[in-house]
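Engineer: One structure, as structure tokens, below. Some questions next.
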Amino acid sequence: MRYIFLILLTMSLSSCSEKGRMVANRYLTPVDTLNVEIGAPGLIKILGNQLFVDYSFSGEYNIDVIDIQHDSVMYSFAKKGQGVNEFLQIMNLDIFQREGNYYLGLFDNMQRKYIAYSIDSLNRYKEKCVPDFINKLDLNSRFLEIYEIGHKYVATGRTEKKYTLLNDDLSYNNSYCDYL
């Protein structure tokens with residue numbers, strides 16, 4: 001029994017070798033962590049060295065932007081409320097590129113609006129940044145998430161089909177995929 005165990009152990013170790021030498025497991029190595037307290041965020045997106053973190057359930061602002069390289073919060077934005085450029089419930093963050101610029105799209109499910117900010121403008125004007133565009137949904141829509149894909153949008157929610165394709169003004173285009 002010992003010999004079988006030793007043979008199996010030798011085979012498993014030799015299968016991890018590369019040209020006759022042992023190779024460390026590249027997937028289980030420790031990684032650096034942020035010291036910034038990000039709590040229990042609802043949504044997280046990353047672009048370059050910036051981490052966009054949704055705090056819809058706490059604080060005055062919904063989104064913190066964290067500089068990963070310097071391990072610090074750069075700024076917060078997307079104030080909570082029902083006023084102009086304020087948010088009640090952000091259901092998704094969406095980073096996309098359009099004409100060479102990166103944008104952060106936020107969908108407020110309660111107010112039925114999709115707002116996109118230029119990330120360059122956000123980094124410059126921080127919480128005082130105005131959106132690049134705002135699209136509003138029909139108040140009777142039943143979408144829970146909306147993502148921008150090349151001047152159109154894909155939405156999911158409580159609808160007849162799984163996915164709905166919307167035009168650039170968030171008007172209905174077509175629905176796809178039956179539920180199981």
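By order of appearance in the structure tokens: chains A, B, ..., then residues from 1 within every chain, and ligands from 1 in the order shown.
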Which residues are close to Tyr125 (chain A), i.e. within 10 Å by only C-alpha atoms, leaving aside same-chain residues fewer than 6 positions away? Reply as number ranges by chain.
Structural biologist: A: 75, 77, 119
Engineer: Can those selected residues be exported to a file as an mmCIF file, in the first residue's frame so that it contains N, CA, C and O atoms?
Structural biologist:
data_model
loop_
_atom_site.group_PDB
_atom_site.id
_atom_site.type_symbol
_atom_site.label_atom_id
_atom_site.label_comp_id
_atom_site.auth_asym_id
_atom_site.auth_seq_id
_atom_site.Cartn_x
_atom_site.Cartn_y
_atom_site.Cartn_z
ATOM 1 N N TYR A 75 -12.184 59.864 -5.064
ATOM 2 C CA TYR A 75 -13.356 60.712 -4.882
ATOM 3 C C TYR A 75 -14.604 59.848 -4.844
ATOM 4 O O TYR A 75 -14.560 58.665 -5.152
ATOM 5 N N PHE A 77 -18.921 60.032 -5.927
ATOM 6 C CA PHE A 77 -19.891 60.774 -6.730
ATOM 7 C C PHE A 77 -21.188 59.993 -6.828
ATOM 8 O O PHE A 77 -21.336 58.953 -6.207
ATOM 9 N N ILE A 119 -15.341 59.034 -18.162
ATOM 10 C CA ILE A 119 -14.442 58.751 -17.044
ATOM 11 C C ILE A 119 -13.365 59.822 -16.940
ATOM 12 O O ILE A 119 -12.982 60.220 -15.841
#
Engineer: Would you tabulate, counting only C-alpha atoms, all residues of region 58-147 of chain A that have an atom at most 12 Å from an atom of region 161-180 of chain A, showing the closest pair of atoms and their distance in Å to one decimal, sorted by chain then ascending number, as a Markdown table?
Structural biologist:
| residue | atom | partner | partner_atom | distance |
| --- | --- | --- | --- | --- |
| A:Phe107 | CA | A:Leu170 | CA | 11.8 |
| A:Arg112 | CA | A:Leu170 | CA | 10.5 |
| A:Lys113 | CA | A:Leu170 | CA | 9.4 |
| A:Tyr114 | CA | A:Leu170 | CA | 8.9 |
| A:Ile115 | CA | A:Leu170 | CA | 11.6 |
| A:Phe133 | CA | A:Asp169 | CA | 10.4 |
| A:Ile134 | CA | A:Asp169 | CA | 9.3 |
| A:Asn135 | CA | A:Asp169 | CA | 6.2 |
| A:Lys136 | CA | A:Leu170 | CA | 7.1 |
| A:Leu137 | CA | A:Leu170 | CA | 6.2 |
| A:Asp138 | CA | A:Ser171 | CA | 8.3 |
| A:Leu139 | CA | A:Leu170 | CA | 11.9 |
| A:Ser141 | CA | A:Tyr172 | CA | 10.0 |
| A:Arg142 | CA | A:Thr164 | CA | 10.7 |
| A:Phe143 | CA | A:Thr164 | CA | 8.8 |
| A:Leu144 | CA | A:Tyr163 | CA | 11.0 |
| A:Glu145 | CA | A:Tyr163 | CA | 10.1 |
| A:Ile146 | CA | A:Leu166 | CA | 9.1 |
| A:Tyr147 | CA | A:Leu166 | CA | 9.8 |
Engineer: Which residue gives the smallest distance to Val154 (chain A) among A:Asp94, A:Gln111, A:Tyr117, A:Gly81, with only C-alpha atoms counted?
Structural biologist: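 Comparing A:Asp94, A:Gln111, A:Tyr117, A:Gly81 against Val154 (chain A), the winner is A:Asp94.
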Engineer: How many Å lie between CA of Ile63 (chain A) and CA of Leu51 (chain A), rounded to one decimal?
Structural biologist: 10.0 Å
Engineer: How far is it from CA of Asn101 (chain A) to CA of Leu88 (chain A), in Å with one decimal?
Structural biologist: 26.8 Å
Engineer: What does the distance between CA of Lys126 (chain A) and CA of Met110 (chain A) come to in Å, to one decimal place?
Structural biologist: 23.9 Å
